[in-house]
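Quick look at work_3.txt (compact mmCIF, C-alpha atoms):
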```
# COMPACT_ATOMS: atom_id res chain seq x y z
CA MET A 213 0.00 0.00 0.00
CA LYS A 214 2.84 2.37 0.88
CA ASN A 215 4.57 1.65 -2.44
CA LEU A 216 1.30 2.29 -4.29
CA TYR A 217 0.92 5.62 -2.46
CA SER A 218 4.48 6.59 -3.37
CA LEU A 219 3.89 5.70 -7.01
CA CYS A 220 0.69 7.76 -7.13
CA LEU A 221 2.47 10.72 -5.52
CA PHE A 222 5.30 10.46 -8.05
CA LEU A 223 2.89 10.38 -10.99
CA LEU A 224 1.00 13.37 -9.60
CA MET A 225 4.22 15.36 -9.19
CA PHE A 226 5.39 14.35 -12.65
CA THR A 227 2.11 15.44 -14.20
CA PHE A 228 2.22 18.77 -12.37
CA SER A 229 5.83 19.28 -13.39
CA ALA A 230 5.03 18.55 -17.04
CA ALA A 231 2.12 20.98 -16.98
CA GLN A 232 4.40 23.68 -15.56
CA LYS A 233 7.20 23.00 -18.09
CA LYS A 234 8.73 26.22 -19.31
CA PRO A 235 9.37 26.88 -23.01
CA SER A 236 12.75 25.72 -24.23
CA GLN A 237 15.46 28.14 -25.26
CA GLU A 238 14.84 27.17 -28.88
CA VAL A 239 11.14 28.06 -28.57
CA LEU A 240 11.91 31.37 -26.84
CA LYS A 241 14.49 32.28 -29.46
CA THR A 242 12.07 31.53 -32.32
CA GLN A 243 9.22 33.43 -30.65
CA LYS A 244 11.55 36.38 -30.05
CA GLU A 245 12.44 36.45 -33.77
CA LEU A 246 8.77 36.47 -34.72
CA THR A 247 8.04 39.22 -32.20
CA ALA A 248 10.81 41.41 -33.60
CA GLN A 249 9.55 41.04 -37.17
CA LEU A 250 5.90 41.68 -36.25
CA ALA A 251 6.94 44.72 -34.19
CA GLU A 252 8.75 46.07 -37.23
CA ILE A 253 5.68 45.50 -39.39
CA SER A 254 3.48 47.31 -36.85
CA LYS A 255 5.39 50.57 -37.42
CA THR A 256 4.17 50.94 -40.99
CA LYS A 257 0.73 49.34 -41.03
CA SER A 258 -2.58 50.98 -41.93
CA PHE A 259 -4.08 50.10 -38.54
CA ASN A 260 -3.08 51.28 -35.09
CA GLY A 261 -2.95 48.01 -33.19
CA PHE A 262 -3.33 44.31 -33.77
CA GLY A 263 -3.25 41.02 -31.91
CA VAL A 264 -2.25 37.56 -33.12
CA ALA A 265 -2.28 33.97 -31.93
CA LEU A 266 -0.92 30.74 -33.39
CA VAL A 267 -1.65 27.13 -32.34
CA ASN A 268 -1.22 23.57 -33.52
CA ASP A 269 -3.27 20.62 -32.28
CA ARG A 270 -1.03 20.21 -29.21
CA GLU A 271 -0.33 23.62 -27.73
CA VAL A 272 -0.33 27.38 -28.07
CA LEU A 273 2.72 28.31 -30.13
CA TYR A 274 2.51 32.09 -29.94
CA GLN A 275 0.31 35.01 -28.90
CA ASN A 276 1.06 38.71 -28.75
CA GLY A 277 -0.11 42.22 -29.56
CA PHE A 278 1.51 45.13 -31.39
CA GLY A 279 1.06 48.80 -32.07
CA ILE A 280 -1.20 51.23 -30.26
CA ALA A 281 -4.37 50.69 -28.22
CA HIS A 282 -4.79 54.37 -27.21
CA ILE A 283 -3.29 57.51 -28.73
CA ASN A 284 -3.99 60.02 -25.96
CA PRO A 285 -2.30 59.04 -23.74
CA VAL A 286 -0.38 56.44 -25.71
CA GLN A 287 -1.02 52.87 -24.56
CA LYS A 288 0.54 49.87 -26.26
CA TYR A 289 -1.47 47.03 -27.70
CA ASP A 290 -0.25 43.73 -26.22
CA GLU A 291 -1.46 40.16 -25.66
CA HIS A 292 -3.49 41.36 -22.64
CA THR A 293 -5.28 44.14 -24.53
CA VAL A 294 -9.06 43.61 -24.48
CA GLN A 295 -11.06 44.06 -27.67
CA ASN A 296 -14.45 43.14 -29.10
CA ILE A 297 -14.07 40.41 -31.74
CA ALA A 298 -17.27 41.01 -33.76
CA SER A 299 -18.78 38.02 -35.56
CA VAL A 300 -16.06 35.59 -34.51
CA SER A 301 -18.23 35.64 -31.36
CA LYS A 302 -20.81 33.54 -33.24
CA THR A 303 -18.58 30.47 -33.07
CA LEU A 304 -19.37 30.31 -29.34
CA ILE A 305 -23.10 30.12 -30.07
CA GLY A 306 -22.60 26.76 -31.77
CA ILE A 307 -20.45 25.45 -28.92
CA ALA A 308 -23.04 26.60 -26.38
CA ILE A 309 -25.98 25.08 -28.27
CA LEU A 310 -24.22 21.73 -28.54
CA LYS A 311 -23.31 21.83 -24.84
CA ALA A 312 -26.99 22.46 -24.02
CA GLN A 313 -27.87 19.49 -26.23
CA GLU A 314 -25.40 17.34 -24.28
CA LEU A 315 -27.10 18.49 -21.08
CA GLY A 316 -30.44 17.31 -22.44
CA LYS A 317 -31.94 20.82 -22.57
CA LEU A 318 -32.65 20.98 -26.31
CA LYS A 319 -32.05 19.27 -29.66
CA LEU A 320 -30.72 20.87 -32.82
CA ASP A 321 -33.79 19.98 -34.85
CA ASP A 322 -36.30 21.26 -32.30
CA PRO A 323 -38.65 24.01 -33.50
CA ILE A 324 -37.59 27.26 -31.86
CA ASN A 325 -41.14 28.10 -30.81
CA THR A 326 -40.96 25.16 -28.39
CA TYR A 327 -38.83 27.44 -26.19
CA LEU A 328 -39.54 31.06 -27.10
CA PRO A 329 -41.90 33.29 -25.08
CA PHE A 330 -43.16 34.87 -28.34
CA LYS A 331 -43.86 33.29 -31.72
CA VAL A 332 -41.36 33.60 -34.56
CA ILE A 333 -42.94 32.61 -37.88
CA ASN A 334 -42.04 33.50 -41.45
CA PRO A 335 -45.40 35.01 -42.55
CA LYS A 336 -44.86 33.79 -46.10
CA PHE A 337 -44.59 30.18 -44.83
CA PRO A 338 -46.61 30.14 -41.59
CA ASN A 339 -46.88 26.35 -41.42
CA ILE A 340 -43.14 25.62 -41.70
CA PRO A 341 -41.41 25.80 -38.30
CA ILE A 342 -37.96 27.33 -37.92
CA THR A 343 -35.49 25.03 -36.13
CA ILE A 344 -32.44 25.62 -33.96
CA ARG A 345 -30.22 23.99 -36.60
CA GLN A 346 -31.45 26.50 -39.17
CA LEU A 347 -30.53 29.39 -36.88
CA THR A 348 -27.00 28.04 -36.41
CA THR A 349 -26.48 27.44 -40.15
CA HIS A 350 -28.03 30.73 -41.33
CA THR A 351 -30.86 29.01 -43.19
CA SER A 352 -33.74 30.17 -40.98
CA SER A 353 -35.09 32.68 -43.57
CA ILE A 354 -34.58 35.47 -40.98
CA ASN A 355 -33.07 38.56 -42.59
CA ASP A 356 -30.98 41.43 -41.18
CA ASN A 357 -33.19 44.34 -42.22
CA ASN A 358 -32.74 48.07 -41.70
CA GLU A 359 -34.18 47.95 -38.19
CA TYR A 360 -31.41 45.60 -37.14
CA MET A 361 -28.74 47.90 -38.57
CA THR A 362 -30.12 50.99 -36.85
CA GLN A 363 -31.06 49.56 -33.44
CA THR A 364 -28.22 47.29 -32.27
CA VAL A 365 -25.16 49.55 -31.69
CA VAL A 366 -25.32 51.40 -28.36
CA LEU A 367 -22.87 53.94 -26.93
CA LYS A 368 -21.22 53.07 -23.61
CA ASP A 369 -21.68 56.51 -22.05
CA THR A 370 -22.76 60.08 -22.73
CA THR A 371 -19.28 61.49 -23.46
CA ASN A 372 -19.61 63.76 -26.52
CA LEU A 373 -23.04 62.19 -27.05
CA ALA A 374 -24.33 64.65 -29.66
CA LYS A 375 -21.09 64.43 -31.65
CA ASN A 376 -20.92 60.64 -31.48
CA LEU A 377 -24.51 60.16 -32.60
CA LYS A 378 -23.64 62.02 -35.82
CA ILE A 379 -20.82 59.67 -36.83
CA ASP A 380 -21.77 58.31 -40.25
CA ILE A 381 -21.13 54.59 -40.61
CA SER A 382 -24.23 54.05 -42.71
CA PRO A 383 -26.30 51.95 -42.52
CA THR A 384 -25.20 51.31 -38.92
CA LYS A 385 -26.29 53.87 -36.35
CA PHE A 386 -25.00 54.74 -32.89
CA ASN A 387 -27.74 54.88 -30.26
CA PRO A 388 -27.66 56.57 -26.83
CA PRO A 389 -26.91 54.51 -23.69
CA SER A 390 -30.60 54.56 -22.78
CA SER A 391 -31.24 52.33 -25.81
CA LYS A 392 -29.54 49.34 -24.15
CA ILE A 393 -32.02 46.45 -23.83
CA SER A 394 -31.93 42.67 -23.35
CA ILE A 395 -31.66 40.32 -26.32
CA GLU A 396 -35.19 39.12 -25.51
CA GLU A 397 -36.64 42.61 -25.74
CA PHE A 398 -34.68 43.38 -28.90
CA LEU A 399 -35.78 40.19 -30.66
CA ASN A 400 -39.37 40.57 -29.50
CA ASN A 401 -39.38 44.09 -30.95
CA ILE A 402 -38.05 42.98 -34.31
CA LEU A 403 -39.44 39.44 -34.84
CA SER A 404 -42.79 39.33 -33.10
CA GLU A 405 -45.78 40.51 -35.15
CA LYS A 406 -46.65 42.77 -32.22
CA GLY A 407 -43.11 44.13 -31.92
CA LYS A 408 -42.58 47.87 -32.40
CA TRP A 409 -39.89 47.35 -35.10
CA TYR A 410 -41.55 44.42 -36.83
CA SER A 411 -41.80 44.41 -40.62
CA LYS A 412 -42.20 41.54 -43.05
CA ASP A 413 -38.81 42.22 -44.65
CA VAL A 414 -37.19 40.63 -41.59
CA PHE A 415 -38.09 37.36 -43.35
CA LEU A 416 -37.09 36.21 -46.83
CA ASP A 417 -39.41 34.91 -49.52
CA LYS A 418 -37.78 31.52 -48.99
CA LYS A 419 -38.83 28.59 -46.87
CA PRO A 420 -37.00 28.01 -43.57
CA GLY A 421 -34.12 25.63 -44.32
CA GLU A 422 -34.03 26.46 -48.03
CA LEU A 423 -31.44 29.22 -48.49
CA PHE A 424 -28.21 30.31 -46.80
CA ASN A 425 -28.61 33.94 -45.72
CA TYR A 426 -26.15 35.17 -43.11
CA SER A 427 -28.22 36.56 -40.24
CA ASN A 428 -27.04 38.30 -37.09
CA ILE A 429 -30.62 38.35 -35.86
CA GLY A 430 -30.90 34.58 -36.37
CA ALA A 431 -27.65 33.95 -34.51
CA THR A 432 -28.80 36.06 -31.55
CA LEU A 433 -32.14 34.25 -31.58
CA ALA A 434 -30.25 30.96 -31.17
CA ALA A 435 -28.69 32.43 -28.01
CA LEU A 436 -32.14 33.39 -26.72
CA VAL A 437 -33.45 29.87 -27.41
CA LEU A 438 -30.56 28.56 -25.32
CA GLU A 439 -31.46 30.94 -22.49
CA LYS A 440 -35.06 29.76 -22.45
CA ALA A 441 -34.18 26.08 -22.81
CA THR A 442 -31.59 26.09 -20.01
CA GLY A 443 -32.94 28.84 -17.75
CA ILE A 444 -29.46 30.41 -17.77
CA PRO A 445 -28.57 33.76 -19.42
CA TYR A 446 -26.35 33.32 -22.46
CA ASP A 447 -23.43 35.29 -21.00
CA THR A 448 -23.56 33.22 -17.79
CA PHE A 449 -23.85 29.94 -19.70
CA THR A 450 -20.87 30.64 -21.94
CA THR A 451 -18.80 31.82 -18.99
CA GLN A 452 -19.59 28.63 -17.08
CA TYR A 453 -19.14 26.16 -19.91
CA ILE A 454 -16.52 27.83 -22.13
CA PHE A 455 -14.54 30.63 -20.48
CA LYS A 456 -13.97 29.00 -17.10
CA PRO A 457 -12.99 25.50 -18.32
CA LEU A 458 -10.53 27.06 -20.79
CA LYS A 459 -9.23 29.53 -18.19
CA MET A 460 -10.19 32.46 -20.41
CA ASP A 461 -10.05 34.71 -17.37
CA HIS A 462 -9.87 38.00 -19.29
CA SER A 463 -12.95 37.45 -21.46
CA GLY A 464 -16.57 38.51 -21.06
CA TRP A 465 -19.64 39.99 -22.72
CA ASN A 466 -19.80 43.48 -21.23
CA PHE A 467 -17.46 46.18 -20.00
CA LYS A 468 -18.00 45.29 -16.34
CA THR A 469 -16.74 41.71 -16.75
CA VAL A 470 -13.34 42.65 -18.23
CA ASN A 471 -10.43 44.84 -17.17
CA PHE A 472 -11.59 48.04 -18.86
CA SER A 473 -8.23 49.72 -18.26
CA LYS A 474 -6.85 47.27 -20.84
CA TYR A 475 -9.67 47.85 -23.34
CA THR A 476 -8.49 49.27 -26.66
CA ARG A 477 -9.99 52.12 -28.54
CA THR A 478 -11.24 51.29 -32.01
CA PHE A 479 -10.43 53.78 -34.75
CA ILE A 480 -11.96 55.32 -37.87
CA ASP A 481 -8.40 55.99 -39.04
CA LYS A 482 -5.07 56.09 -37.26
CA GLN A 483 -5.84 59.47 -35.68
CA THR A 484 -9.60 59.28 -35.01
CA PRO A 485 -11.12 57.01 -32.36
CA TYR A 486 -14.68 55.76 -32.30
CA PRO A 487 -16.66 56.13 -29.08
CA TYR A 488 -16.93 53.03 -26.92
CA TYR A 489 -19.96 50.98 -27.91
CA SER A 490 -21.70 47.68 -27.26
CA LEU A 491 -24.39 45.65 -29.02
CA ASN A 492 -27.99 44.95 -28.09
CA THR A 493 -27.47 41.69 -29.99
CA TYR A 494 -24.27 40.92 -28.09
CA PRO A 495 -24.11 37.14 -28.82
CA ASP A 496 -23.70 37.84 -32.54
CA GLY A 497 -20.60 40.01 -32.12
CA GLY A 498 -20.03 41.34 -28.63
CA MET A 499 -17.46 39.03 -27.07
CA LEU A 500 -14.63 40.95 -25.35
CA THR A 501 -11.34 39.13 -25.08
CA THR A 502 -7.55 39.20 -25.46
CA SER A 503 -5.08 37.54 -27.81
CA GLY A 504 -3.89 35.45 -24.87
CA ASP A 505 -7.39 34.14 -24.19
CA MET A 506 -8.14 33.62 -27.87
CA SER A 507 -5.08 31.40 -28.17
CA LYS A 508 -6.69 29.09 -25.57
CA TYR A 509 -9.95 29.08 -27.51
CA LEU A 510 -8.22 28.33 -30.81
CA LEU A 511 -6.33 25.46 -29.20
CA GLU A 512 -9.57 23.96 -27.89
CA LEU A 513 -11.22 24.20 -31.31
CA MET A 514 -8.23 22.59 -33.00
CA LYS A 515 -8.16 19.79 -30.44
CA GLY A 516 -11.91 19.40 -30.80
CA TYR A 517 -11.61 19.00 -34.56
CA PHE A 518 -9.19 16.13 -34.05
CA GLY A 519 -11.36 14.48 -31.38
CA ASN A 520 -9.42 15.64 -28.32
CA GLY A 521 -11.45 18.62 -27.12
CA ASN A 522 -12.33 19.22 -23.49
CA ILE A 523 -15.57 21.19 -23.44
CA LEU A 524 -17.65 19.08 -25.84
CA SER A 525 -17.84 15.36 -26.56
CA LYS A 526 -16.30 13.87 -29.71
CA GLU A 527 -19.80 13.45 -31.13
CA SER A 528 -20.70 17.09 -30.52
CA TYR A 529 -17.48 18.37 -32.05
CA LYS A 530 -18.07 16.15 -35.07
CA GLU A 531 -21.47 17.81 -35.52
CA TYR A 532 -19.98 21.26 -34.99
CA PHE A 533 -17.38 20.72 -37.70
CA THR A 534 -19.60 18.90 -40.21
CA PRO A 535 -20.57 21.05 -43.24
CA GLN A 536 -24.34 21.16 -43.07
CA LEU A 537 -25.36 22.69 -46.42
CA LYS A 538 -25.56 21.69 -50.09
CA GLU A 539 -25.11 23.52 -53.38
CA GLU A 540 -28.84 24.18 -53.66
CA ASN A 541 -28.78 26.11 -50.37
CA PHE A 542 -26.84 28.94 -52.02
CA GLN A 543 -27.70 31.65 -54.53
CA ASP A 544 -24.34 33.42 -54.81
CA ARG A 545 -21.92 30.95 -53.27
CA SER A 546 -18.51 32.25 -52.27
CA ASN A 547 -15.87 29.92 -53.69
CA SER A 548 -12.83 31.51 -52.06
CA GLU A 549 -10.73 29.12 -50.01
CA TYR A 550 -10.58 31.80 -47.29
CA SER A 551 -14.28 32.65 -47.25
CA ASP A 552 -16.25 31.41 -44.24
CA GLU A 553 -19.43 31.26 -46.34
CA TYR A 554 -18.76 28.40 -48.76
CA ASN A 555 -20.44 26.09 -46.25
CA MET A 556 -21.52 26.13 -42.63
CA GLY A 557 -21.08 23.85 -39.66
CA ILE A 558 -22.94 24.71 -36.47
CA THR A 559 -21.93 28.42 -36.63
CA MET A 560 -18.46 27.49 -37.91
CA GLY A 561 -17.75 28.56 -41.48
CA PHE A 562 -15.96 26.57 -44.18
CA GLY A 563 -13.92 27.65 -47.18
CA SER A 564 -13.98 25.85 -50.52
CA THR A 565 -10.90 23.75 -49.66
CA GLY A 566 -12.49 22.42 -46.47
CA ASN A 567 -10.46 24.59 -44.11
CA PHE A 568 -12.60 26.45 -41.61
CA GLY A 569 -12.92 29.54 -39.46
CA HIS A 570 -14.86 32.77 -39.09
CA THR A 571 -14.42 36.46 -39.84
CA GLY A 572 -15.78 39.51 -38.07
CA GLY A 573 -16.13 43.22 -38.60
CA ASP A 574 -17.67 46.10 -36.64
CA PRO A 575 -16.96 49.84 -36.47
CA GLY A 576 -13.21 50.23 -36.08
CA MET A 577 -12.16 46.59 -36.11
CA ASN A 578 -11.78 43.35 -38.07
CA SER A 579 -11.04 39.84 -36.84
CA VAL A 580 -10.29 36.43 -38.35
CA ILE A 581 -9.81 32.94 -36.96
CA TRP A 582 -8.78 30.33 -39.52
CA PHE A 583 -7.77 26.68 -39.27
CA PHE A 584 -5.77 24.62 -41.75
CA LYS A 585 -6.69 21.01 -41.12
CA GLU A 586 -3.82 19.35 -43.00
CA LYS A 587 -1.18 21.50 -41.32
CA LYS A 588 -3.01 21.24 -37.98
CA MET A 589 -2.60 24.98 -37.74
CA GLY A 590 -4.87 27.66 -36.28
CA ARG A 591 -4.22 31.38 -36.44
CA TYR A 592 -5.92 34.55 -35.20
CA LEU A 593 -5.63 38.16 -36.25
CA ILE A 594 -7.54 41.15 -34.94
CA VAL A 595 -7.04 44.85 -35.75
CA ASN A 596 -8.48 47.91 -34.02
CA THR A 597 -8.88 50.25 -37.00
CA ASP A 598 -11.34 50.42 -39.90
CA TRP A 599 -10.31 48.27 -42.83
CA ASP A 600 -8.85 49.99 -45.89
CA ASN A 601 -9.30 47.18 -48.40
CA LYS A 602 -6.20 47.85 -50.49
CA ALA A 603 -3.72 48.84 -47.78
CA SER A 604 -5.11 46.63 -45.01
CA GLY A 605 -5.32 43.60 -47.28
CA LYS A 606 -1.63 43.98 -48.11
CA ASP A 607 -0.76 44.44 -44.43
CA GLN A 608 -2.86 41.40 -43.47
CA LYS A 609 -0.99 39.26 -45.99
CA ALA A 610 2.38 40.39 -44.63
CA ILE A 611 1.32 39.34 -41.11
CA TYR A 612 -0.09 36.03 -42.32
CA ASP A 613 3.07 35.27 -44.28
CA LEU A 614 5.14 35.72 -41.13
CA LEU A 615 2.78 33.63 -39.01
CA ASP A 616 2.82 30.86 -41.63
CA GLU A 617 6.61 30.93 -41.81
CA TYR A 618 7.06 30.76 -38.05
CA PHE A 619 4.33 28.20 -37.59
CA ILE A 620 6.50 25.72 -39.51
CA LYS A 621 9.43 26.42 -37.18
CA LEU A 622 7.46 26.41 -33.92
CA ASP A 623 5.40 23.37 -34.91
CA ALA A 624 8.55 21.40 -35.69
CA ILE A 625 10.00 22.28 -32.29
CA SER A 626 6.70 21.36 -30.60
CA ARG A 627 6.60 17.94 -32.23
CA SER A 628 10.26 17.23 -31.52
CA GLY A 629 9.57 17.67 -27.80
CA ASN A 630 12.20 20.40 -27.38
```
Taking this structure as input, can you express it in the form of structure tokens?
Amino acid sequence: MKNLYSLCLFLLMFTFSAAQKKPSQEVLKTQKELTAQLAEISKTKSFNGFGVALVNDREVLYQNGFGIAHINPVQKYDEHTVQNIASVSKTLIGIAILKAQELGKLKLDDPINTYLPFKVINPKFPNIPITIRQLTTHTSSINDNNEYMTQTVVLKDTTNLAKNLKIDISPTKFNPPSSKISIEEFLNNILSEKGKWYSKDVFLDKKPGELFNYSNIGATLAALVLEKATGIPYDTFTTQYIFKPLKMDHSGWNFKTVNFSKYTRTFIDKQTPYPYYSLNTYPDGGMLTTSGDMSKYLLELMKGYFGNGNILSKESYKEYFTPQLKEENFQDRSNSEYSDEYNMGITMGFGSTGNFGHTGGDPGMNSVIWFFKEKKMGRYLIVNTDWDNKASGKDQKAIYDLLDEYFIKLDAISRSGN
């Protein structure tokens, strides 16, 4: 018995020691080289600040931030800088829905009206129910109309309120802080026939399940279905079942749940900041996080794809990463290998080569997560300045080229055990 106890103690200490293993000198040297080159790039780019992360299917290989988060006073953008990640947030909706399914709270093919406190029906097809799966694959026939664009963005505070409300980012509109409402109230207003913003153009002239039509409203509705099915608010559910297990301790869904002193400005151009804002439809694009935390999330997704994830079962991850749509579900199908709209998993997008990821964009920022299944590589890039297509596209490629080059080096070291 004593020998068995000693053996168990040894194994426990060995496991703890392995978990605490510091990066080798070779890893540190390679990461330092990448940092130096990215820092040099940051001096000439069309955006103020940016964050990156790089993973394989075994570990986080790199995460960092560069450039400027604030210009007055100057504050550097680093791996602990907090930023909203826009529509990359939607990838958590799929994870959360599948976790709720594992918990026995719902099923993907359930009609959404089983759970909702108000009826959501496409008036052109009143007898065809909308399902949870359709919400998560953007085939629900729900459409982002003008009311969505003008009602979702809300200013954080009243600083320069009159000036900020006049910022033209048509068709999006900034709304005063008093416009902040729950996702239930927002969706009731826009989707219920009795809602004050309701109009029939919030639904397509297509049957539910028939056509891919990217919908922020539909994604947020999936989060509300989860709330009603589980009895847990979406932000609380995702914190409990995603952030905490992955130790994403610097992530949240509102300014009070993150370290706001580390929150970056977003910028119209390199000299002009936007006001701080949030979203009434926060599940579709309002996650606040850091490059350090996103590296943990990317690693979990990569492990999940290869059947080794921690927060969902193998079966759930298989569903999450299975392309759900067919050619006939598309009108104008994007065939780019880097588009996240060639096909859809359960909120995870697929390019034409079968690699997967998601993009995001909101006032003053753009974000991309992308996974290369053959290389077993995942990478993340986020910027805090409006996208100039010509200049920013060139800058993005320069960053990606460096990340791709150093992934090969860091991955080789990782697999050699050094």
- Message: Given the point (-17.1, 39.7, -33.5) in the file's coordinates, find the residues that have an atom at most 7 Å from it, counting all atoms listed in the file, and give them as a list in words.
- Response: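 Every polymer residue passing the test: Asn296, Ile297, Ala298, Ser299, Val300, Ser301, Asp496, Gly497, Gly498, Met499, Gly572, Gly573 and Ser579 of chain A.
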- Message: Under the rule that only C-alpha atoms are counted, which of A:Leu524, A:Val294, A:Ala603, A:Ile305 is the nearest residue to Asp461 in chain A?
- Response: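 So, comparing all the options, the nearest one is A:Val294.
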- Task: Show which residues sit within 12 Å of Pro389 in chain A, as a list of chain:residue names. Count only C-alpha atoms, and ignore same-chain residues fewer than 6 positions away.
- Result: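 Neighbouring residues, sequence-local ones excluded: A:Gln363, A:Thr364, A:Val365, A:Val366, A:Leu367, A:Lys368, A:Asp369, A:Thr370, A:Thr371, A:Leu373, A:Asn376, A:Leu377, A:Pro487, A:Tyr488, A:Tyr489, A:Ser490, A:Leu491, A:Asn492.
Of the residues listed (A:Ile620, A:Ile558, A:Ala248, A:Ile342), A:Ile620 shows the shortest atom-to-atom separation from Val267 in chain A; distances use only C-alpha atoms.
Each of A:Thr565, A:Thr293, A:Gln536, A:Thr571 was checked against Phe584 in chain A using only C-alpha atoms; the smallest atom-to-atom distance is that of A:Thr565.
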- Message: As an exercise, work out the distance from CA of Gln243 in chain A to CA of Leu266 in chain A in Å and give it to one decimal place.
- Response: 10.8 Å
- So which residues touch range 431-442 of chain A within 9 Å, counting only C-alpha atoms, skipping near sequence neighbours fewer than 5 positions away, as a ChimeraX atom specification? /A:302,305-306,308-309,312,315,317-318,324-329,344-345,347-350,395-396,399,426,449,493-496,559
- Message: Taking all atoms listed in the file into account, name the residue in A:Phe518, A:Tyr453, A:Tyr554, A:Trp599 that is nearest to Lys311 in chain A.
- Response: A:Tyr453
Taking (-7.3, 25.7, -38.4) in the coordinates of the supplied file, I want to know which residues reach to within 10 Å of it, counting all atoms listed in the file; could you give the answer as a PDB file with C-alpha atoms, in the coordinates of the input?
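For reference, out_8.pdb as written:
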```pdb
ATOM      1  CA  LEU A 266      -0.920  30.740 -33.390  1.00  0.00           C
ATOM      2  CA  VAL A 267      -1.650  27.130 -32.340  1.00  0.00           C
ATOM      3  CA  ASN A 268      -1.220  23.570 -33.520  1.00  0.00           C
ATOM      4  CA  ASP A 269      -3.270  20.620 -32.280  1.00  0.00           C
ATOM      5  CA  LEU A 510      -8.220  28.330 -30.810  1.00  0.00           C
ATOM      6  CA  LEU A 511      -6.330  25.460 -29.200  1.00  0.00           C
ATOM      7  CA  LEU A 513     -11.220  24.200 -31.310  1.00  0.00           C
ATOM      8  CA  MET A 514      -8.230  22.590 -33.000  1.00  0.00           C
ATOM      9  CA  LYS A 515      -8.160  19.790 -30.440  1.00  0.00           C
ATOM     10  CA  TYR A 517     -11.610  19.000 -34.560  1.00  0.00           C
ATOM     11  CA  ASN A 567     -10.460  24.590 -44.110  1.00  0.00           C
ATOM     12  CA  PHE A 568     -12.600  26.450 -41.610  1.00  0.00           C
ATOM     13  CA  GLY A 569     -12.920  29.540 -39.460  1.00  0.00           C
ATOM     14  CA  ILE A 581      -9.810  32.940 -36.960  1.00  0.00           C
ATOM     15  CA  TRP A 582      -8.780  30.330 -39.520  1.00  0.00           C
ATOM     16  CA  PHE A 583      -7.770  26.680 -39.270  1.00  0.00           C
ATOM     17  CA  PHE A 584      -5.770  24.620 -41.750  1.00  0.00           C
ATOM     18  CA  LYS A 585      -6.690  21.010 -41.120  1.00  0.00           C
ATOM     19  CA  GLU A 586      -3.820  19.350 -43.000  1.00  0.00           C
ATOM     20  CA  LYS A 587      -1.180  21.500 -41.320  1.00  0.00           C
ATOM     21  CA  LYS A 588      -3.010  21.240 -37.980  1.00  0.00           C
ATOM     22  CA  MET A 589      -2.600  24.980 -37.740  1.00  0.00           C
ATOM     23  CA  GLY A 590      -4.870  27.660 -36.280  1.00  0.00           C
ATOM     24  CA  ARG A 591      -4.220  31.380 -36.440  1.00  0.00           C
ATOM     25  CA  TYR A 592      -5.920  34.550 -35.200  1.00  0.00           C
TER      26      TYR A 592
END
```
- Task: Mind giving me the straight-line distance from CA of Gln287 in chain A to CA of Phe467 in chain A in Å, one decimal?
- Result: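 We find that CA of Gln287 in chain A and CA of Phe467 in chain A lie 18.3 Å from each other.
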- Task: Identify, on the basis of all atoms listed in the file, every residue whose closest approach to Gln249 in chain A does not exceed 12 Å; exclude the query and any residue fewer than 6 positions from it along the same chain; express the result as an MDAnalysis selection string.
- Result: chainID A and resid 242:243 255:256 278 610:611 613:615 617:618
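Among the candidates A:Asp356, A:Asp417, A:Asp290, A:Glu512, the one nearest to Lys336 in chain A when counting all atoms listed in the file is A:Asp417.
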- Task: With a distance cut-off of 9 Å and all atoms listed in the file, select the neighbouring residues of Leu416 in chain A, excluding the residue or stretch itself and same-chain residues fewer than 5 positions from it, and output the selection as JSON, numbers by chain.
- Result: {"A": [334, 336, 353, 354, 355, 425]}
Give me range 563-568 of chain A with N, CA, C and O atoms filled in, as a PDB file, in the coordinates of the input.
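Writing the result to part_13.pdb gives the following:
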```
ATOM      1  N   GLY A 563     -14.347  27.204 -45.871  1.00  0.00           N
ATOM      2  CA  GLY A 563     -13.920  27.650 -47.180  1.00  0.00           C
ATOM      3  C   GLY A 563     -14.037  26.523 -48.195  1.00  0.00           C
ATOM      4  O   GLY A 563     -14.328  25.372 -47.850  1.00  0.00           O
ATOM      5  N   SER A 564     -13.774  26.828 -49.450  1.00  0.00           N
ATOM      6  CA  SER A 564     -13.980  25.850 -50.520  1.00  0.00           C
ATOM      7  C   SER A 564     -12.999  24.691 -50.471  1.00  0.00           C
ATOM      8  O   SER A 564     -13.249  23.643 -51.063  1.00  0.00           O
ATOM      9  N   THR A 565     -11.873  24.839 -49.772  1.00  0.00           N
ATOM     10  CA  THR A 565     -10.900  23.750 -49.660  1.00  0.00           C
ATOM     11  C   THR A 565     -11.166  22.846 -48.454  1.00  0.00           C
ATOM     12  O   THR A 565     -10.455  21.871 -48.239  1.00  0.00           O
ATOM     13  N   GLY A 566     -12.174  23.210 -47.649  1.00  0.00           N
ATOM     14  CA  GLY A 566     -12.490  22.420 -46.470  1.00  0.00           C
ATOM     15  C   GLY A 566     -11.853  22.933 -45.199  1.00  0.00           C
ATOM     16  O   GLY A 566     -12.153  22.441 -44.104  1.00  0.00           O
ATOM     17  N   ASN A 567     -10.956  23.934 -45.315  1.00  0.00           N
ATOM     18  CA  ASN A 567     -10.460  24.590 -44.110  1.00  0.00           C
ATOM     19  C   ASN A 567     -11.574  25.464 -43.540  1.00  0.00           C
ATOM     20  O   ASN A 567     -12.541  25.778 -44.222  1.00  0.00           O
ATOM     21  N   PHE A 568     -11.448  25.855 -42.287  1.00  0.00           N
ATOM     22  CA  PHE A 568     -12.600  26.450 -41.610  1.00  0.00           C
ATOM     23  C   PHE A 568     -12.186  27.607 -40.710  1.00  0.00           C
ATOM     24  O   PHE A 568     -11.016  27.769 -40.365  1.00  0.00           O
TER      25      PHE A 568
END
```
